[in-house]
>>> print(open('structure-v8.txt').read())   # compact mmCIF, C-alpha atoms and all ligand atoms
# COMPACT_ATOMS: atom_id res chain seq x y z
CA MET A 107 185.63 109.61 137.19
CA SER A 108 185.61 112.89 135.22
CA TYR A 109 184.65 116.22 136.85
CA PHE A 110 181.55 116.22 134.64
CA ASN A 111 180.41 112.81 135.91
CA LYS A 112 181.17 113.77 139.50
CA PHE A 113 178.98 116.87 139.06
CA ILE A 114 176.14 114.90 137.45
CA ASN A 115 176.24 112.24 140.21
CA ASP A 116 176.14 114.67 143.10
CA PRO A 117 175.89 118.39 142.11
CA THR A 118 175.57 119.71 145.70
CA GLY A 119 178.50 117.64 146.98
CA PHE A 120 180.55 118.65 143.96
CA ILE A 121 179.97 122.37 144.55
CA LYS A 122 180.62 122.07 148.30
CA ARG A 123 183.92 120.29 147.66
CA ALA A 124 184.95 122.83 145.02
CA VAL A 125 184.24 125.73 147.41
CA TYR A 126 186.20 123.95 150.14
CA LYS A 127 189.20 123.16 147.91
CA LEU A 128 189.35 126.55 146.26
CA VAL A 129 188.27 128.94 149.03
CA LEU A 130 187.60 127.62 152.55
CA GLY A 131 190.48 125.10 152.74
CA PRO A 132 193.13 127.59 151.57
CA LEU A 133 191.71 130.20 154.00
CA LYS A 134 191.92 127.79 156.94
CA TYR A 135 195.14 125.91 156.14
CA GLY A 136 196.91 127.86 153.40
CA GLU A 137 200.46 129.13 153.83
CA GLU A 138 202.69 130.85 151.32
CA GLY A 139 202.80 128.47 148.34
CA GLY A 140 201.57 125.57 150.43
CA TYR A 141 199.51 124.59 153.48
CA ASP A 142 199.85 123.74 157.16
CA ALA A 143 200.08 119.95 156.78
CA ASP A 144 200.27 119.30 160.54
CA LYS A 145 196.98 121.10 161.22
CA TYR A 146 195.28 119.85 158.06
CA TRP A 147 196.02 116.13 158.58
CA ASN A 148 195.48 116.11 162.34
CA ASP A 149 192.07 117.78 161.82
CA ARG A 150 191.23 115.27 159.12
CA PHE A 151 192.07 112.20 161.23
CA ARG A 152 190.31 113.77 164.24
CA LYS A 153 187.19 113.98 162.06
CA TYR A 154 187.38 110.55 160.42
CA GLY A 155 189.37 108.34 162.81
CA TYR A 156 189.85 104.94 161.17
CA ASN A 157 187.16 105.60 158.55
CA LEU A 158 189.07 105.31 155.24
CA GLN A 159 187.65 108.63 154.00
CA GLY A 160 190.26 110.20 156.29
CA ALA A 161 193.33 108.94 154.45
CA GLY A 162 191.41 108.21 151.26
CA ASP A 163 189.05 110.23 149.10
CA GLU A 164 186.50 112.35 150.97
CA SER A 165 184.36 112.66 147.85
CA LYS A 166 183.82 108.89 147.80
CA THR A 167 181.63 106.84 150.13
CA VAL A 168 183.12 104.61 152.85
CA GLU A 169 182.34 101.57 150.68
CA GLU A 170 184.00 103.10 147.61
CA ASN A 171 187.07 103.96 149.68
CA GLU A 172 187.19 100.44 151.09
CA ALA A 173 187.03 98.97 147.57
CA MET A 174 189.76 101.37 146.41
CA TYR A 175 191.96 100.43 149.38
CA ILE A 176 191.47 96.68 148.83
CA GLU A 177 192.73 97.14 145.27
CA ALA A 178 195.63 99.34 146.37
CA GLY A 179 196.56 96.89 149.15
CA SER A 180 196.68 94.02 146.69
CA ALA A 181 198.84 96.13 144.30
CA PHE A 182 201.19 96.81 147.24
CA GLU A 183 201.45 93.11 148.11
CA LYS A 184 202.06 92.19 144.46
CA ILE A 185 204.93 94.67 144.23
CA LEU A 186 206.54 93.30 147.40
CA ALA A 187 206.22 89.76 146.01
CA LYS A 188 207.43 90.64 142.51
CA GLU A 189 210.51 92.43 143.83
CA GLU A 190 211.08 89.54 146.26
CA ILE A 191 211.17 91.89 149.21
CA GLU A 192 211.48 89.65 152.27
CA ILE A 193 210.04 91.76 154.99
CA ASN A 194 210.08 89.77 158.18
CA ASN A 195 213.73 90.21 159.14
CA ILE A 196 214.33 93.75 158.02
CA LYS A 197 213.88 97.25 159.39
CA VAL A 198 210.85 98.97 157.89
CA LEU A 199 210.01 102.67 157.90
CA GLU A 200 206.53 103.67 156.77
CA ILE A 201 206.22 107.35 155.94
CA GLY A 202 202.66 108.65 156.29
CA VAL A 203 201.01 105.97 158.43
CA GLY A 204 197.60 107.67 158.24
CA SER A 205 194.94 105.29 159.52
CA ALA A 206 197.40 102.37 159.42
CA PHE A 207 195.99 100.55 156.39
CA TYR A 208 199.45 99.53 155.12
CA THR A 209 200.70 99.07 158.69
CA GLN A 210 198.12 96.29 159.06
CA ILE A 211 199.35 94.62 155.86
CA LEU A 212 202.97 94.85 157.01
CA ASN A 213 202.00 93.44 160.40
CA ASP A 214 200.07 90.57 158.76
CA LYS A 215 203.08 89.80 156.56
CA GLY A 216 205.24 89.34 159.65
CA VAL A 217 207.18 92.60 159.91
CA LYS A 218 208.82 92.77 163.33
CA ASN A 219 211.03 95.84 163.20
CA TYR A 220 208.69 98.66 162.20
CA THR A 221 208.71 102.44 162.59
CA GLY A 222 205.71 104.45 161.41
CA LEU A 223 206.22 108.14 160.82
CA ASP A 224 203.54 110.77 160.34
CA ILE A 225 203.06 114.50 160.77
CA ALA A 226 199.62 113.69 162.19
CA ASP A 227 199.73 111.87 165.52
CA VAL A 228 196.09 111.96 166.66
CA LEU A 229 195.66 108.24 165.91
CA PHE A 230 199.00 107.15 167.39
CA GLU A 231 197.49 106.10 170.74
CA GLU A 232 195.08 103.77 168.94
CA HIS A 233 197.83 102.53 166.60
CA MET A 234 199.99 101.66 169.62
CA LYS A 235 197.17 99.59 171.11
CA LYS A 236 196.69 97.74 167.81
CA PHE A 237 200.40 97.24 167.15
CA PRO A 238 202.12 97.20 170.56
CA GLU A 239 205.45 96.00 169.11
CA PHE A 240 205.63 98.83 166.58
CA ASN A 241 207.15 102.26 167.01
CA PHE A 242 205.32 105.44 165.94
CA ILE A 243 207.03 108.81 165.61
CA LYS A 244 205.64 112.24 164.84
CA ARG A 245 207.84 113.92 162.23
CA ASP A 246 207.43 116.30 159.33
CA ILE A 247 209.40 114.41 156.69
CA THR A 248 210.02 117.69 154.82
CA CYS A 249 212.04 119.29 157.62
CA ASP A 250 212.59 117.03 160.64
CA GLN A 251 215.52 114.70 161.17
CA VAL A 252 214.85 110.97 161.09
CA GLU A 253 217.18 108.69 163.01
CA GLY A 254 218.29 105.24 161.87
CA LYS A 255 218.83 103.23 158.70
CA TYR A 256 216.06 101.16 157.15
CA ASP A 257 215.99 98.28 154.68
CA LEU A 258 212.53 99.12 153.36
CA ILE A 259 210.99 102.59 153.33
CA THR A 260 207.46 103.03 152.01
CA MET A 261 205.82 106.33 151.14
CA ILE A 262 202.35 105.61 149.80
CA ASP A 263 199.86 108.36 149.03
CA VAL A 264 202.02 110.94 150.75
CA SER A 265 204.27 112.63 148.16
CA GLN A 266 201.31 114.25 146.37
CA HIS A 267 200.47 115.99 149.65
CA ILE A 268 203.87 117.69 149.73
CA VAL A 269 203.05 120.57 147.45
CA LYS A 270 206.26 122.62 147.47
CA GLU A 271 209.15 121.43 145.35
CA GLU A 272 211.85 122.35 147.86
CA LYS A 273 209.97 120.51 150.60
CA LEU A 274 209.73 117.32 148.54
CA VAL A 275 213.43 117.57 147.64
CA SER A 276 214.25 117.91 151.33
CA ALA A 277 212.00 114.92 152.21
CA LEU A 278 213.64 112.75 149.53
CA ASN A 279 217.11 113.70 150.77
CA THR A 280 216.16 112.71 154.31
CA ILE A 281 214.81 109.39 153.00
CA LYS A 282 218.00 108.79 151.02
CA GLY A 283 219.98 109.29 154.23
CA CYS A 284 217.80 106.70 156.01
CA MET A 285 218.33 103.91 153.46
CA SER A 286 220.60 101.07 154.55
CA ASP A 287 223.31 99.77 152.16
CA LYS A 288 220.78 97.46 150.55
CA GLY A 289 217.82 99.70 151.27
CA ILE A 290 214.71 99.86 149.12
CA PHE A 291 212.43 102.86 148.84
CA LEU A 292 208.92 102.42 147.45
CA ILE A 293 207.01 105.54 146.44
CA ALA A 294 203.54 105.84 144.82
CA PRO A 295 201.49 107.29 143.26
CA LEU A 296 203.50 109.27 140.72
CA THR A 297 202.12 110.73 137.51
CA THR A 298 203.55 111.35 134.04
CA VAL A 299 203.69 115.10 134.54
CA SER A 300 204.27 117.05 137.78
CA LYS A 301 201.29 119.30 138.39
CA LYS A 302 199.64 121.31 141.18
CA HIS A 303 195.96 120.42 141.61
CA HIS A 304 194.82 122.39 144.64
CA PHE A 305 196.03 123.60 148.01
CA TYR A 306 197.00 120.20 149.42
CA VAL A 307 197.56 118.13 146.25
CA HIS A 308 200.46 118.28 143.79
CA SER A 309 201.31 115.22 141.70
CA TRP A 310 204.98 114.47 140.96
CA SER A 311 206.59 112.52 138.14
CA PRO A 312 208.95 109.53 138.49
CA GLU A 313 211.65 111.61 136.74
CA PHE A 314 211.44 114.31 139.40
CA VAL A 315 211.97 111.71 142.12
CA LYS A 316 214.75 109.90 140.21
CA ASN A 317 216.65 113.17 139.85
CA GLN A 318 217.13 113.22 143.63
CA PHE A 319 218.63 109.68 143.69
CA GLU A 320 221.64 109.81 141.44
CA GLY A 321 223.54 106.50 141.35
CA PHE A 322 220.61 104.43 142.62
CA GLU A 323 218.76 101.69 140.72
CA PHE A 324 215.18 102.35 139.60
CA ILE A 325 212.28 100.02 138.89
CA ASP A 326 209.17 101.73 137.51
CA PHE A 327 205.79 100.14 137.95
CA ASP A 328 202.24 100.90 136.79
CA GLY A 329 198.87 100.14 138.21
CA TYR A 330 198.97 101.77 141.59
CA ARG A 331 195.45 103.27 141.72
CA GLY A 332 195.77 103.77 137.97
CA ASP A 333 198.99 105.75 138.44
CA LYS A 334 202.69 105.01 138.45
CA GLY A 335 205.07 104.08 141.20
CA LEU A 336 208.78 103.69 141.70
CA ILE A 337 211.10 101.38 143.58
CA ILE A 338 214.52 102.79 144.31
CA ARG A 339 217.30 100.45 145.35
CA ALA A 340 220.51 101.56 146.99
CA SER A 341 222.45 98.76 145.31
C1 LIG B 1 196.48 110.48 151.99
S1 LIG B 1 197.14 110.10 153.55
C2 LIG B 1 197.79 108.47 153.24
C3 LIG B 1 197.98 107.65 154.48
C4 LIG B 1 198.42 106.20 154.20
N1 LIG B 1 199.74 106.13 153.64
C5 LIG B 1 197.42 105.54 153.28
O1 LIG B 1 197.74 105.40 152.08
O2 LIG B 1 196.34 105.22 153.76
C6 LIG B 1 198.60 111.11 153.62
C7 LIG B 1 199.38 110.89 154.88
O3 LIG B 1 200.63 111.61 154.77
C8 LIG B 1 200.86 112.29 155.98
N2 LIG B 1 201.71 113.45 155.71
C9 LIG B 1 201.40 114.51 154.90
N3 LIG B 1 202.43 115.38 154.88
C10 LIG B 1 203.40 114.86 155.68
C11 LIG B 1 204.69 115.31 156.07
N4 LIG B 1 205.19 116.46 155.64
N5 LIG B 1 205.43 114.53 156.91
C12 LIG B 1 204.92 113.35 157.37
N6 LIG B 1 203.69 112.88 157.03
C13 LIG B 1 202.94 113.63 156.20
C14 LIG B 1 199.46 112.66 156.46
O4 LIG B 1 199.40 112.99 157.82
C15 LIG B 1 198.69 111.40 156.11
O5 LIG B 1 198.76 110.44 157.12
>>> encode(input="structure-v8.txt", output="structure tokens", more="lines below")
Ligand SMILES: C[S@@+](CC[C@H](N)C(=O)[O-])C[C@H]1O[C@@H](n2cnc3c(N)ncnc32)[C@H](O)[C@@H]1O
Amino acid sequence: MSYFNKFINDPTGFIKRAVYKLVLGPLKYGEEGGYDADKYWNDRFRKYGYNLQGAGDESKTVEENEAMYIEAGSAFEKILAKEEIEINNIKVLEIGVGSAFYTQILNDKGVKNYTGLDIADVLFEEHMKKFPEFNFIKRDITCDQVEGKYDLITMIDVSQHIVKEEKLVSALNTIKGCMSDKGIFLIAPLTTVSKKHHFYVHSWSPEFVKNQFEGFEFIDFDGYRGDKGLIIRAS
């Protein structure tokens, strides 16, 4: 939906969100050239819990977010099927668990060996009750070490919330180091042009990501929430 239509639909909400994104949010969470992601995301999940507005789009209703997630979930499943990614006997690392929407899909598809990583851990206790066999770790993927090698690493709706170039480069290097010999890394959404939107959103292009994975195999895909995505294979 265009900014104009968003304004026409809900002028008060539109202005409130603009003031938050441009003034109040940066004042509360802003840091030099970026933001305090730990504080921002923990506050957000504290506020929303499992309501999909937490990991999704705050400007949309719960129902709109649910519809958007159903579509995104089906796109995710189609990509796994198309690339013939057999997930039940492999080690999976999910970066940016959020409110565990994709964790649920992975669980339903029979994943046994799962690690979920997030900078925000306020929902971990609940996640552990829902998925007692799964492992959840609090890490900042842009600067913390991550142990182990994984056959499938997913990073969905996370990269656009890493707003500093050097931080994303560092995150991608860490991910590269965590891929097993036949490892697959799935990242989405990506957009044609890299661009900063506001204090906690910066979209990145597939080319930017590919540049950090020299020698790897790439499979581009479209249609993830209307944007692009990328599968990177170690072999
Ligand atoms: C928009 S939410 C998406 C959550 C989930 N992947 C989904 O699609 O529902 C972004 C997630 O990335 C996490 N995140 C943001 N920056 C991070 C970082 N530097 N390291 C680890 N996780 C981060 C947030 O805490 C949040 O859970």
>>> residues_near_ligand(input="structure-v8.txt", ligand="ligand LIG 1 (chain B)", cutoff="7 Å", atoms="only C-alpha atoms and all ligand atoms", output="list of chain:residue names")
A:Ala143, A:Asp144, A:Trp147, A:Asn148, A:Ala161, A:Gly162, A:Ile201, A:Gly202, A:Val203, A:Gly204, A:Ser205, A:Ala206, A:Phe207, A:Tyr208, A:Leu223, A:Asp224, A:Ile225, A:Ala226, A:Arg245, A:Asp246, A:Ile247, A:Thr248, A:Met261, A:Ile262, A:Asp263, A:Val264, A:His267, A:Ile268
>>> residues_around(input="structure-v8.txt", residues="Tyr141 (chain A)", least_positions_apart="4", cutoff="12 Å", atoms="all atoms listed in the file", output="ChimeraX atom specification")
/A:127,131-137,145-147,267-270,273,304-308
>>> closest_residue(input="structure-v8.txt", among="A:Tyr126, A:Asp326, A:Asp333, A:Leu278", to="Glu189 (chain A)", atoms="all atoms listed in the file")
A:Asp326
>>> residues_around(input="structure-v8.txt", residues="Glu169 (chain A)", least_positions_apart="5", cutoff="10 Å", atoms="all atoms listed in the file", output="ChimeraX atom specification")
/A:158-159,174-175
>>> closest_atom_pairs(input="structure-v8.txt", of="region 134-243 of chain A", to="region 111-119 of chain A", cutoff="12 Å", atoms="only C-alpha atoms", output="CSV")
residue,atom,partner,partner_atom,distance
A:Glu164,CA,A:Gly119,CA,10.4
A:Ser165,CA,A:Gly119,CA,7.7
A:Lys166,CA,A:Lys112,CA,10.0
A:Thr167,CA,A:Gly119,CA,11.7
>>> atom_distance(input="structure-v8.txt", atom1="CA of Lys215 (chain A)", atom2="CA of Ile185 (chain A)")
13.4 Å
>>> atom_distance(input="structure-v8.txt", atom1="CA of Phe291 (chain A)", atom2="CA of Lys255 (chain A)")
11.8 Å
>>> build_atoms(input="structure-v8.txt", residues="region 274-299 of chain A", atoms="N, CA and C atoms", output="mmCIF file, keeping the file's coordinate frame")
data_model
loop_
_atom_site.group_PDB
_atom_site.id
_atom_site.type_symbol
_atom_site.label_atom_id
_atom_site.label_comp_id
_atom_site.auth_asym_id
_atom_site.auth_seq_id
_atom_site.Cartn_x
_atom_site.Cartn_y
_atom_site.Cartn_z
ATOM 1 N N LEU A 274 209.624 118.721 148.984
ATOM 2 C CA LEU A 274 209.730 117.320 148.540
ATOM 3 C C LEU A 274 211.198 116.936 148.359
ATOM 4 N N VAL A 275 211.991 117.851 147.812
ATOM 5 C CA VAL A 275 213.430 117.570 147.640
ATOM 6 C C VAL A 275 214.051 117.283 149.014
ATOM 7 N N SER A 276 213.699 118.104 149.997
ATOM 8 C CA SER A 276 214.250 117.910 151.330
ATOM 9 C C SER A 276 213.796 116.558 151.911
ATOM 10 N N ALA A 277 212.513 116.217 151.717
ATOM 11 C CA ALA A 277 212.000 114.920 152.210
ATOM 12 C C ALA A 277 212.759 113.768 151.560
ATOM 13 N N LEU A 278 212.971 113.859 150.246
ATOM 14 C CA LEU A 278 213.640 112.750 149.530
ATOM 15 C C LEU A 278 215.093 112.623 149.971
ATOM 16 N N ASN A 279 215.729 113.756 150.272
ATOM 17 C CA ASN A 279 217.110 113.700 150.770
ATOM 18 C C ASN A 279 217.171 113.031 152.137
ATOM 19 N N THR A 280 216.198 113.341 152.988
ATOM 20 C CA THR A 280 216.160 112.710 154.310
ATOM 21 C C THR A 280 215.972 111.197 154.146
ATOM 22 N N ILE A 281 215.074 110.826 153.232
ATOM 23 C CA ILE A 281 214.810 109.390 153.000
ATOM 24 C C ILE A 281 216.072 108.697 152.498
ATOM 25 N N LYS A 282 216.748 109.355 151.559
ATOM 26 C CA LYS A 282 218.000 108.790 151.020
ATOM 27 C C LYS A 282 218.988 108.506 152.159
ATOM 28 N N GLY A 283 219.058 109.434 153.093
ATOM 29 C CA GLY A 283 219.980 109.290 154.230
ATOM 30 C C GLY A 283 219.555 108.183 155.187
ATOM 31 N N CYS A 284 218.311 107.758 155.098
ATOM 32 C CA CYS A 284 217.800 106.700 156.010
ATOM 33 C C CYS A 284 217.856 105.327 155.377
ATOM 34 N N MET A 285 218.305 105.229 154.103
ATOM 35 C CA MET A 285 218.330 103.910 153.460
ATOM 36 C C MET A 285 219.590 103.154 153.853
ATOM 37 N N SER A 286 219.421 101.888 154.226
ATOM 38 C CA SER A 286 220.600 101.070 154.550
ATOM 39 C C SER A 286 221.351 100.753 153.252
ATOM 40 N N ASP A 287 222.485 100.072 153.351
ATOM 41 C CA ASP A 287 223.310 99.770 152.160
ATOM 42 C C ASP A 287 222.526 99.056 151.074
ATOM 43 N N LYS A 288 221.598 98.196 151.527
ATOM 44 C CA LYS A 288 220.780 97.460 150.550
ATOM 45 C C LYS A 288 219.342 97.950 150.594
ATOM 46 N N GLY A 289 219.169 99.168 151.046
ATOM 47 C CA GLY A 289 217.820 99.700 151.270
ATOM 48 C C GLY A 289 216.987 99.847 150.009
ATOM 49 N N ILE A 290 215.683 99.717 150.212
ATOM 50 C CA ILE A 290 214.710 99.860 149.120
ATOM 51 C C ILE A 290 213.717 100.929 149.538
ATOM 52 N N PHE A 291 213.418 101.816 148.587
ATOM 53 C CA PHE A 291 212.430 102.860 148.840
ATOM 54 C C PHE A 291 211.305 102.708 147.826
ATOM 55 N N LEU A 292 210.082 102.599 148.339
ATOM 56 C CA LEU A 292 208.920 102.420 147.450
ATOM 57 C C LEU A 292 208.047 103.664 147.565
ATOM 58 N N ILE A 293 207.802 104.313 146.428
ATOM 59 C CA ILE A 293 207.010 105.540 146.440
ATOM 60 C C ILE A 293 205.910 105.470 145.368
ATOM 61 N N ALA A 294 204.687 105.827 145.758
ATOM 62 C CA ALA A 294 203.540 105.840 144.820
ATOM 63 C C ALA A 294 202.436 106.688 145.464
ATOM 64 N N PRO A 295 201.525 107.252 144.710
ATOM 65 C CA PRO A 295 201.490 107.290 143.260
ATOM 66 C C PRO A 295 202.324 108.437 142.707
ATOM 67 N N LEU A 296 202.796 108.219 141.466
ATOM 68 C CA LEU A 296 203.500 109.270 140.720
ATOM 69 C C LEU A 296 202.782 109.381 139.381
ATOM 70 N N THR A 297 202.856 110.549 138.775
ATOM 71 C CA THR A 297 202.120 110.730 137.510
ATOM 72 C C THR A 297 203.075 111.222 136.423
ATOM 73 N N THR A 298 202.665 111.039 135.163
ATOM 74 C CA THR A 298 203.550 111.350 134.040
ATOM 75 C C THR A 298 204.121 112.760 134.142
ATOM 76 N N VAL A 299 203.243 113.701 134.487
ATOM 77 C CA VAL A 299 203.690 115.100 134.540
ATOM 78 C C VAL A 299 203.471 115.639 135.962
#
